[in-house]
>>> print(open('target_19.pdb').read())   # PDB, C-alpha atoms, pLDDT in the B column
ATOM      1  CA  MET S  20      -7.823  42.365  -0.211  1.00 71.00           C
ATOM      2  CA  ILE S  21      -4.467  42.852  -1.948  1.00 75.00           C
ATOM      3  CA  ALA S  22      -2.652  41.289   1.013  1.00 69.00           C
ATOM      4  CA  ALA S  23      -4.969  38.263   0.854  1.00 68.00           C
ATOM      5  CA  LEU S  24      -4.332  37.863  -2.873  1.00 71.00           C
ATOM      6  CA  ARG S  25      -0.575  38.044  -2.323  1.00 72.00           C
ATOM      7  CA  TRP S  26      -0.798  35.450   0.426  1.00 77.00           C
ATOM      8  CA  PHE S  27      -2.865  33.181  -1.822  1.00 69.00           C
ATOM      9  CA  GLY S  28      -0.350  33.670  -4.640  1.00 73.00           C
ATOM     10  CA  CYS S  29       2.541  32.726  -2.355  1.00 77.00           C
ATOM     11  CA  VAL S  30       0.711  29.577  -1.297  1.00 71.00           C
ATOM     12  CA  LEU S  31       0.130  28.603  -4.937  1.00 79.00           C
ATOM     13  CA  ILE S  32       3.792  29.184  -5.788  1.00 80.00           C
ATOM     14  CA  ALA S  33       4.895  27.094  -2.788  1.00 77.00           C
ATOM     15  CA  VAL S  34       2.549  24.246  -3.773  1.00 74.00           C
ATOM     16  CA  PHE S  35       3.767  24.348  -7.371  1.00 76.00           C
ATOM     17  CA  ALA S  36       7.427  24.376  -6.247  1.00 80.00           C
ATOM     18  CA  LEU S  37       6.819  21.396  -3.980  1.00 77.00           C
ATOM     19  CA  GLN S  38       5.152  19.407  -6.756  1.00 81.00           C
ATOM     20  CA  LEU S  39       7.995  20.273  -9.137  1.00 80.00           C
ATOM     21  CA  PHE S  40      10.531  19.130  -6.522  1.00 82.00           C
ATOM     22  CA  PHE S  41       8.705  15.815  -6.076  1.00 82.00           C
ATOM     23  CA  ILE S  42       8.413  15.219  -9.818  1.00 86.00           C
ATOM     24  CA  LEU S  43      12.086  15.978 -10.452  1.00 87.00           C
ATOM     25  CA  ARG S  44      13.093  13.554  -7.693  1.00 88.00           C
ATOM     26  CA  ILE S  45      10.873  10.849  -9.148  1.00 89.00           C
ATOM     27  CA  ALA S  46      12.193  11.417 -12.677  1.00 89.00           C
ATOM     28  CA  ALA S  47      15.761  11.112 -11.373  1.00 90.00           C
ATOM     29  CA  MET S  48      14.911   7.724  -9.871  1.00 91.00           C
ATOM     30  CA  ALA S  49      14.731   6.277 -13.365  1.00 91.00           C
ATOM     31  CA  VAL S  50      18.541   6.150 -13.270  1.00 91.00           C
ATOM     32  CA  ILE S  51      19.545   6.965  -9.666  1.00 92.00           C
ATOM     33  CA  ASP S  52      18.846   4.557  -6.794  1.00 91.00           C
ATOM     34  CA  PRO S  53      17.256   6.475  -3.889  1.00 89.00           C
ATOM     35  CA  GLN S  54      19.628   6.410  -0.905  1.00 82.00           C
ATOM     36  CA  SER S  55      16.837   6.683   1.661  1.00 82.00           C
ATOM     37  CA  THR S  56      13.136   7.424   2.005  1.00 87.00           C
ATOM     38  CA  THR S  57      11.204   9.837   4.198  1.00 84.00           C
ATOM     39  CA  PHE S  58       9.858   6.897   6.194  1.00 83.00           C
ATOM     40  CA  GLN S  59      13.345   5.455   6.717  1.00 85.00           C
ATOM     41  CA  ARG S  60      14.713   8.782   7.915  1.00 82.00           C
ATOM     42  CA  SER S  61      11.831   9.044  10.363  1.00 81.00           C
ATOM     43  CA  GLU S  62      12.521   5.535  11.647  1.00 79.00           C
ATOM     44  CA  ALA S  63      16.262   6.224  11.922  1.00 76.00           C
ATOM     45  CA  TRP S  64      15.548   9.337  13.976  1.00 78.00           C
ATOM     46  CA  GLN S  65      13.291   7.389  16.343  1.00 75.00           C
ATOM     47  CA  LEU S  66      15.884   4.629  16.720  1.00 71.00           C
ATOM     48  CA  ALA S  67      18.493   7.233  17.573  1.00 71.00           C
ATOM     49  CA  THR S  68      16.395   9.330  19.954  1.00 74.00           C
ATOM     50  CA  GLN S  69      13.959   6.922  21.603  1.00 67.00           C
ATOM     51  CA  GLY S  70      16.271   4.032  22.414  1.00 58.00           C
ATOM     52  CA  ARG S  71      14.212   1.539  20.430  1.00 53.00           C
ATOM     53  CA  SER S  72      17.243  -0.473  19.326  1.00 49.00           C
ATOM     54  CA  ASN S  73      17.876  -3.792  21.051  1.00 46.00           C
ATOM     55  CA  GLY S  74      21.572  -2.916  21.219  1.00 46.00           C
ATOM     56  CA  GLU S  75      22.535  -5.615  18.729  1.00 51.00           C
ATOM     57  CA  ARG S  76      20.876  -4.395  15.551  1.00 55.00           C
ATOM     58  CA  GLU S  77      20.159  -0.793  14.681  1.00 68.00           C
ATOM     59  CA  TRP S  78      19.886  -0.609  10.901  1.00 76.00           C
ATOM     60  CA  ARG S  79      20.140  -3.072   8.048  1.00 82.00           C
ATOM     61  CA  GLN S  80      19.714  -2.295   4.377  1.00 85.00           C
ATOM     62  CA  GLN S  81      21.592  -3.259   1.237  1.00 89.00           C
ATOM     63  CA  TRP S  82      20.458  -2.314  -2.247  1.00 94.00           C
ATOM     64  CA  VAL S  83      20.399  -5.175  -4.742  1.00 96.00           C
ATOM     65  CA  PRO S  84      19.353  -4.918  -8.403  1.00 96.00           C
ATOM     66  CA  TYR S  85      16.062  -6.337  -9.634  1.00 96.00           C
ATOM     67  CA  SER S  86      17.796  -9.395 -11.125  1.00 95.00           C
ATOM     68  CA  GLN S  87      19.218 -10.324  -7.707  1.00 96.00           C
ATOM     69  CA  ILE S  88      15.838 -10.470  -5.991  1.00 97.00           C
ATOM     70  CA  SER S  89      14.108 -13.840  -6.111  1.00 96.00           C
ATOM     71  CA  ASP S  90      11.176 -14.019  -8.530  1.00 97.00           C
ATOM     72  CA  SER S  91       9.394 -15.840  -5.722  1.00 97.00           C
ATOM     73  CA  LEU S  92       9.560 -12.732  -3.542  1.00 97.00           C
ATOM     74  CA  LYS S  93       8.359 -10.516  -6.387  1.00 97.00           C
ATOM     75  CA  ARG S  94       5.398 -12.835  -7.009  1.00 97.00           C
ATOM     76  CA  ALA S  95       4.639 -13.152  -3.299  1.00 97.00           C
ATOM     77  CA  VAL S  96       4.555  -9.387  -2.745  1.00 97.00           C
ATOM     78  CA  ILE S  97       2.352  -8.845  -5.792  1.00 96.00           C
ATOM     79  CA  ALA S  98       0.022 -11.684  -4.742  1.00 95.00           C
ATOM     80  CA  SER S  99      -0.240 -10.311  -1.209  1.00 93.00           C
ATOM     81  CA  GLU S 100      -0.207  -6.540  -1.738  1.00 91.00           C
ATOM     82  CA  ASP S 101      -1.365  -5.713  -5.268  1.00 92.00           C
ATOM     83  CA  SER S 102      -2.514  -8.499  -7.588  1.00 89.00           C
ATOM     84  CA  GLU S 103      -3.299  -6.043 -10.416  1.00 90.00           C
ATOM     85  CA  PHE S 104       0.092  -4.322 -10.192  1.00 93.00           C
ATOM     86  CA  ILE S 105       1.094  -4.681 -13.847  1.00 92.00           C
ATOM     87  CA  TYR S 106      -2.297  -3.494 -15.118  1.00 91.00           C
ATOM     88  CA  HIS S 107      -3.252  -0.376 -13.152  1.00 88.00           C
ATOM     89  CA  GLN S 108      -1.868   3.143 -13.569  1.00 85.00           C
ATOM     90  CA  GLY S 109      -0.840   3.561  -9.952  1.00 78.00           C
ATOM     91  CA  VAL S 110      -4.240   3.810  -8.278  1.00 77.00           C
ATOM     92  CA  GLU S 111      -7.083   1.305  -7.999  1.00 72.00           C
ATOM     93  CA  TRP S 112     -10.172   3.340  -7.236  1.00 59.00           C
ATOM     94  CA  GLU S 113     -12.376   0.288  -6.730  1.00 64.00           C
ATOM     95  CA  ALA S 114      -9.960  -1.115  -4.140  1.00 58.00           C
ATOM     96  CA  ILE S 115      -9.960   2.217  -2.295  1.00 57.00           C
ATOM     97  CA  GLU S 116     -13.759   2.226  -2.200  1.00 56.00           C
ATOM     98  CA  ARG S 117     -13.893  -1.376  -0.989  1.00 60.00           C
ATOM     99  CA  ALA S 118     -11.393  -0.539   1.763  1.00 54.00           C
ATOM    100  CA  ARG S 119     -13.481   2.494   2.752  1.00 57.00           C
ATOM    101  CA  GLN S 120     -16.601   0.344   3.070  1.00 57.00           C
ATOM    102  CA  ARG S 121     -14.771  -2.351   5.058  1.00 61.00           C
ATOM    103  CA  ASN S 122     -13.285   0.236   7.388  1.00 52.00           C
ATOM    104  CA  ALA S 123     -16.640   1.925   7.966  1.00 54.00           C
ATOM    105  CA  LYS S 124     -18.144  -1.432   8.936  1.00 59.00           C
ATOM    106  CA  ALA S 125     -15.131  -2.286  11.138  1.00 52.00           C
ATOM    107  CA  GLU S 126     -15.426   1.049  12.957  1.00 57.00           C
ATOM    108  CA  GLU S 127     -19.155   0.474  13.523  1.00 61.00           C
ATOM    109  CA  ILE S 128     -18.498  -2.978  15.015  1.00 62.00           C
ATOM    110  CA  ALA S 129     -15.603  -1.612  17.085  1.00 55.00           C
ATOM    111  CA  ALA S 130     -17.815   1.160  18.482  1.00 61.00           C
ATOM    112  CA  ARG S 131     -20.420  -1.370  19.663  1.00 65.00           C
ATOM    113  CA  ARG S 132     -17.722  -3.597  21.159  1.00 67.00           C
ATOM    114  CA  ALA S 133     -16.103  -0.593  22.860  1.00 59.00           C
ATOM    115  CA  ALA S 134     -19.391   0.292  24.547  1.00 63.00           C
ATOM    116  CA  GLN S 135     -19.687  -3.261  25.892  1.00 63.00           C
ATOM    117  CA  LEU S 136     -16.082  -3.259  27.119  1.00 57.00           C
ATOM    118  CA  ARG S 137     -16.472   0.094  28.877  1.00 64.00           C
ATOM    119  CA  ALA S 138     -19.563  -1.224  30.600  1.00 66.00           C
ATOM    120  CA  ARG S 139     -17.383  -4.016  32.006  1.00 63.00           C
ATOM    121  CA  GLY S 140     -14.638  -1.600  32.999  1.00 64.00           C
ATOM    122  CA  LYS S 141     -12.266  -2.728  30.236  1.00 57.00           C
ATOM    123  CA  ALA S 142     -10.296  -0.594  27.787  1.00 55.00           C
ATOM    124  CA  PRO S 143     -11.553  -0.753  24.178  1.00 52.00           C
ATOM    125  CA  ARG S 144      -9.237  -1.459  21.249  1.00 52.00           C
ATOM    126  CA  PRO S 145      -9.177   0.588  18.030  1.00 48.00           C
ATOM    127  CA  ALA S 146     -10.838  -0.816  14.927  1.00 45.00           C
ATOM    128  CA  PRO S 147      -8.470  -2.788  12.636  1.00 46.00           C
ATOM    129  CA  LEU S 148      -8.451  -0.630   9.513  1.00 45.00           C
ATOM    130  CA  ARG S 149      -7.359  -1.884   6.097  1.00 51.00           C
ATOM    131  CA  GLY S 150      -5.965   0.098   3.204  1.00 54.00           C
ATOM    132  CA  GLY S 151      -6.653  -0.116  -0.509  1.00 62.00           C
ATOM    133  CA  SER S 152      -3.251   1.181  -1.572  1.00 83.00           C
ATOM    134  CA  THR S 153      -1.370  -0.240  -4.532  1.00 91.00           C
ATOM    135  CA  ILE S 154       2.350  -0.986  -4.427  1.00 94.00           C
ATOM    136  CA  THR S 155       2.882   2.289  -6.304  1.00 94.00           C
ATOM    137  CA  GLN S 156       0.920   4.253  -3.691  1.00 91.00           C
ATOM    138  CA  GLN S 157       2.829   2.598  -0.865  1.00 91.00           C
ATOM    139  CA  LEU S 158       6.099   3.519  -2.558  1.00 93.00           C
ATOM    140  CA  ALA S 159       4.956   7.126  -3.071  1.00 91.00           C
ATOM    141  CA  LYS S 160       4.059   7.427   0.612  1.00 90.00           C
ATOM    142  CA  ASN S 161       7.265   5.837   1.908  1.00 89.00           C
ATOM    143  CA  LEU S 162       9.554   7.721  -0.465  1.00 88.00           C
ATOM    144  CA  LEU S 163       8.360  11.266  -0.034  1.00 83.00           C
ATOM    145  CA  LEU S 164       5.533  11.683   2.471  1.00 79.00           C
ATOM    146  CA  SER S 165       4.865  11.613   6.198  1.00 67.00           C
ATOM    147  CA  GLY S 166       2.973   8.811   7.884  1.00 63.00           C
ATOM    148  CA  GLU S 167       0.052  10.978   9.010  1.00 66.00           C
ATOM    149  CA  ARG S 168      -3.461   9.988   7.895  1.00 68.00           C
ATOM    150  CA  THR S 169      -5.113  13.071   6.403  1.00 70.00           C
ATOM    151  CA  MET S 170      -7.089  13.736   3.243  1.00 75.00           C
ATOM    152  CA  LEU S 171      -4.411  16.206   2.100  1.00 75.00           C
ATOM    153  CA  ARG S 172      -1.637  13.613   2.441  1.00 75.00           C
ATOM    154  CA  LYS S 173      -3.770  10.997   0.705  1.00 79.00           C
ATOM    155  CA  GLY S 174      -4.381  13.379  -2.182  1.00 80.00           C
ATOM    156  CA  GLN S 175      -0.651  14.046  -2.480  1.00 85.00           C
ATOM    157  CA  GLU S 176      -0.026  10.281  -2.439  1.00 86.00           C
ATOM    158  CA  LEU S 177      -2.355   9.813  -5.421  1.00 86.00           C
ATOM    159  CA  VAL S 178      -0.565  12.581  -7.360  1.00 88.00           C
ATOM    160  CA  LEU S 179       2.854  11.052  -6.649  1.00 89.00           C
ATOM    161  CA  ALA S 180       1.658   7.546  -7.540  1.00 91.00           C
ATOM    162  CA  THR S 181       0.585   8.873 -10.938  1.00 91.00           C
ATOM    163  CA  ALA S 182       3.987  10.545 -11.357  1.00 92.00           C
ATOM    164  CA  LEU S 183       5.797   7.304 -10.482  1.00 94.00           C
ATOM    165  CA  GLU S 184       3.822   5.423 -13.109  1.00 94.00           C
ATOM    166  CA  THR S 185       4.517   8.185 -15.658  1.00 93.00           C
ATOM    167  CA  PHE S 186       8.292   8.395 -15.218  1.00 95.00           C
ATOM    168  CA  LEU S 187       9.258   4.875 -14.096  1.00 95.00           C
ATOM    169  CA  SER S 188       8.667   1.414 -15.496  1.00 95.00           C
ATOM    170  CA  LYS S 189       6.741  -1.170 -13.486  1.00 96.00           C
ATOM    171  CA  GLU S 190       9.976  -3.113 -13.043  1.00 96.00           C
ATOM    172  CA  ARG S 191      11.745  -0.054 -11.649  1.00 97.00           C
ATOM    173  CA  ILE S 192       8.855   0.726  -9.287  1.00 96.00           C
ATOM    174  CA  LEU S 193       8.931  -2.820  -7.930  1.00 97.00           C
ATOM    175  CA  GLU S 194      12.738  -2.751  -7.648  1.00 97.00           C
ATOM    176  CA  ILE S 195      12.708   0.466  -5.597  1.00 96.00           C
ATOM    177  CA  TYR S 196       9.827  -0.791  -3.464  1.00 96.00           C
ATOM    178  CA  LEU S 197      11.481  -4.111  -2.611  1.00 97.00           C
ATOM    179  CA  ASN S 198      14.761  -2.402  -1.745  1.00 96.00           C
ATOM    180  CA  ASN S 199      13.170   0.109   0.646  1.00 94.00           C
ATOM    181  CA  VAL S 200      10.117  -1.461   2.240  1.00 94.00           C
ATOM    182  CA  GLU S 201      10.243  -2.136   5.992  1.00 93.00           C
ATOM    183  CA  TRP S 202      10.519  -5.746   7.224  1.00 94.00           C
ATOM    184  CA  GLY S 203      11.124  -5.202  10.943  1.00 90.00           C
ATOM    185  CA  GLU S 204      12.794  -2.883  13.424  1.00 88.00           C
ATOM    186  CA  GLY S 205      15.541  -1.185  11.400  1.00 86.00           C
ATOM    187  CA  ILE S 206      15.280  -3.815   8.629  1.00 92.00           C
ATOM    188  CA  PHE S 207      14.698  -2.351   5.183  1.00 94.00           C
ATOM    189  CA  GLY S 208      14.726  -4.011   1.796  1.00 94.00           C
ATOM    190  CA  ALA S 209      14.631  -7.574   0.515  1.00 96.00           C
ATOM    191  CA  GLU S 210      18.321  -8.328   1.044  1.00 96.00           C
ATOM    192  CA  ALA S 211      18.345  -7.263   4.707  1.00 94.00           C
ATOM    193  CA  ALA S 212      15.108  -9.185   5.341  1.00 95.00           C
ATOM    194  CA  ALA S 213      16.377 -12.368   3.665  1.00 96.00           C
ATOM    195  CA  GLN S 214      19.622 -12.256   5.633  1.00 95.00           C
ATOM    196  CA  HIS S 215      17.906 -11.458   8.941  1.00 94.00           C
ATOM    197  CA  TYR S 216      15.123 -14.053   8.804  1.00 95.00           C
ATOM    198  CA  PHE S 217      16.645 -16.828   6.666  1.00 95.00           C
ATOM    199  CA  ARG S 218      20.426 -16.221   6.621  1.00 95.00           C
ATOM    200  CA  LYS S 219      20.544 -16.203   2.833  1.00 96.00           C
ATOM    201  CA  PRO S 220      20.583 -13.620   0.017  1.00 96.00           C
ATOM    202  CA  ALA S 221      17.337 -12.330  -1.473  1.00 96.00           C
ATOM    203  CA  ALA S 222      18.192 -14.065  -4.750  1.00 96.00           C
ATOM    204  CA  ARG S 223      17.867 -17.492  -3.094  1.00 96.00           C
ATOM    205  CA  LEU S 224      14.549 -17.104  -1.289  1.00 96.00           C
ATOM    206  CA  GLY S 225      12.183 -20.020  -1.837  1.00 95.00           C
ATOM    207  CA  VAL S 226       8.403 -19.947  -2.263  1.00 96.00           C
ATOM    208  CA  ASN S 227       7.436 -20.350   1.395  1.00 95.00           C
ATOM    209  CA  GLU S 228      10.149 -17.977   2.610  1.00 96.00           C
ATOM    210  CA  ALA S 229       9.045 -15.337   0.108  1.00 97.00           C
ATOM    211  CA  ALA S 230       5.379 -15.797   1.003  1.00 96.00           C
ATOM    212  CA  ARG S 231       6.184 -15.426   4.700  1.00 96.00           C
ATOM    213  CA  LEU S 232       8.014 -12.141   4.108  1.00 96.00           C
ATOM    214  CA  ALA S 233       5.138 -10.839   1.975  1.00 96.00           C
ATOM    215  CA  VAL S 234       2.610 -11.613   4.709  1.00 94.00           C
ATOM    216  CA  MET S 235       4.667  -9.558   7.177  1.00 93.00           C
ATOM    217  CA  LEU S 236       4.500  -6.367   5.127  1.00 91.00           C
ATOM    218  CA  PRO S 237       1.357  -4.733   6.537  1.00 86.00           C
ATOM    219  CA  SER S 238       2.713  -5.032  10.128  1.00 87.00           C
ATOM    220  CA  PRO S 239       6.414  -5.957   9.948  1.00 90.00           C
ATOM    221  CA  LYS S 240       7.368  -5.014  13.518  1.00 88.00           C
ATOM    222  CA  PHE S 241       4.361  -6.916  14.889  1.00 88.00           C
ATOM    223  CA  PHE S 242       5.214 -10.121  12.994  1.00 89.00           C
ATOM    224  CA  GLU S 243       8.939  -9.813  13.667  1.00 88.00           C
ATOM    225  CA  ARG S 244       8.099 -10.383  17.332  1.00 87.00           C
ATOM    226  CA  ARG S 245       5.581 -13.151  16.543  1.00 85.00           C
ATOM    227  CA  GLN S 246       7.311 -15.502  14.137  1.00 85.00           C
ATOM    228  CA  GLY S 247       5.353 -18.427  15.605  1.00 84.00           C
ATOM    229  CA  SER S 248       1.989 -16.795  14.899  1.00 83.00           C
ATOM    230  CA  GLY S 249      -0.683 -19.175  13.631  1.00 87.00           C
ATOM    231  CA  TYR S 250      -2.061 -16.433  11.405  1.00 88.00           C
ATOM    232  CA  LEU S 251       1.368 -15.893   9.860  1.00 90.00           C
ATOM    233  CA  ALA S 252       1.636 -19.598   9.017  1.00 92.00           C
ATOM    234  CA  SER S 253      -1.862 -19.926   7.549  1.00 92.00           C
ATOM    235  CA  ARG S 254      -1.648 -16.682   5.577  1.00 93.00           C
ATOM    236  CA  THR S 255       1.772 -17.758   4.231  1.00 94.00           C
ATOM    237  CA  ALA S 256       0.183 -20.917   2.817  1.00 95.00           C
ATOM    238  CA  THR S 257      -2.575 -18.834   1.193  1.00 94.00           C
ATOM    239  CA  ILE S 258      -0.120 -16.457  -0.489  1.00 95.00           C
ATOM    240  CA  ALA S 259       2.113 -19.339  -1.632  1.00 96.00           C
ATOM    241  CA  ALA S 260      -0.919 -20.864  -3.369  1.00 95.00           C
ATOM    242  CA  ARG S 261      -1.666 -17.555  -5.131  1.00 95.00           C
ATOM    243  CA  MET S 262       1.884 -16.902  -6.285  1.00 96.00           C
ATOM    244  CA  PRO S 263       1.776 -18.874  -9.599  1.00 95.00           C
ATOM    245  CA  ALA S 264      -0.965 -16.537 -10.831  1.00 94.00           C
ATOM    246  CA  ALA S 265       0.970 -13.366  -9.954  1.00 94.00           C
ATOM    247  CA  GLU S 266       2.344 -11.715 -13.107  1.00 93.00           C
ATOM    248  CA  LEU S 267       5.730 -10.012 -13.038  1.00 95.00           C
ATOM    249  CA  PRO S 268       6.654  -6.853 -14.959  1.00 91.00           C
TER     250      PRO S 268
END
>>> encode(input="target_19.pdb", output="structure tokens")
Amino acid sequence: MIAALRWFGCVLIAVFALQLFFILRIAAMAVIDPQSTTFQRSEAWQLATQGRSNGEREWRQQWVPYSQISDSLKRAVIASEDSEFIYHQGVEWEAIERARQRNAKAEEIAARRAAQLRARGKAPRPAPLRGGSTITQQLAKNLLLSGERTMLRKGQELVLATALETFLSKERILEIYLNNVEWGEGIFGAEAAAQHYFRKPAARLGVNEAARLAVMLPSPKFFERRQGSGYLASRTATIAARMPAAELP
């Protein structure tokens, strides 16, 4: 019994120490630009060990301050990823519930389709799942967490999103997000994306260019290889039309 209590106490201390470490790192980001994220380090390791580089481009990222990122890109990302960004406190519970319901329905449809495909001797495809994460949650996950999908990791993401909103301004959250988010194989941040896709700095991105980059965010590697995608073009037009209503911090 005593051994079990000691073990439980050690676990509690470890959890507390981890949370304190995360919070201190987040608080420091109010004045210190993060040099890398957990997701970026994972991607860099895979590029180095799995030979995923095309031999011409391995890694591109250049931090630029908030003022040197086009307002069009800021509006496009908010319109596409998190229209209530300036109003919520890091988590949108209603959006999470809507995503859960959509995903449950998508999995049900996918299961029926999979049965039909197996009957024809064809391989089924996984259900296309959608998230309900805010920009703040996405930043929390990319900055400090692994990419695994578990309830424990999701719970930690919600805690860190709340911490980000507590210690950082909305402008700072968006600045860090836009400088670290993935836009293709080894392409991170707005400046690298603008230079790679449009041969211009992030400060000079126009409405359609910004909307196109925003549409790529859920699946950047997929769309990097499919720049002529009809979906990419139509969704870009939709986001461009929504951009005037997107409010900036």
>>> resolve_selection(input="target_19.pdb", expression="the PyMOL selection byres ((chain S and resi 179) around 12)", output="JSON, numbers by chain")
{"S": [37, 38, 39, 40, 41, 42, 43, 44, 45, 46, 108, 109, 110, 155, 156, 157, 158, 159, 160, 161, 162, 163, 164, 172, 173, 174, 175, 176, 177, 178, 180, 181, 182, 183, 184, 185, 186, 187]}
>>> resolve_selection(input="target_19.pdb", expression="the PyMOL selection byres ((chain S and resi 259) around 9)", output="ChimeraX atom specification")
/S:95,98,226-227,229-231,254-258,260-263
>>> axis_aligned_box(input="target_19.pdb", around="range 91-97 of chain S", padding_each_side="4 Å", output="lines of an AutoDock Vina configuration file")
center_x = 6.0
center_y = -12.3
center_z = -4.9
size_x = 15.2
size_y = 15.0
size_z = 12.3
>>> resolve_selection(input="target_19.pdb", expression="the PyMOL selection byres ((chain S and resi 240) around 8)", output="list in words")
Trp202, Gly203, Glu204, Ser238, Pro239, Phe241, Phe242, Glu243 and Arg244 of chain S
>>> atom_distance(input="target_19.pdb", atom1="CA of Pro53 in chain S", atom2="CA of Glu228 in chain S")
26.3 Å
>>> atom_distance(input="target_19.pdb", atom1="CA of Ala222 in chain S", atom2="CA of Ser61 in chain S")
28.3 Å
>>> atom_distance(input="target_19.pdb", atom1="CA of Ala213 in chain S", atom2="CA of Ile88 in chain S")
9.9 Å
>>> closest_residue(input="target_19.pdb", among="S:Leu92, S:Ala36, S:Ile97, S:Ile51", to="Leu224 in chain S", atoms="all atoms listed in the file")
S:Leu92
>>> residues_near_point(input="target_19.pdb", point="(16.9, -6.1, 11.0)", cutoff="10 Å", atoms="only C-alpha atoms", output="ChimeraX atom specification")
/S:75-80,201-208,211-216,240,243
>>> closest_residue(input="target_19.pdb", among="S:Arg223, S:Ile32, S:Leu232, S:Gly247", to="Asp90 in chain S", atoms="all atoms listed in the file")
S:Arg223
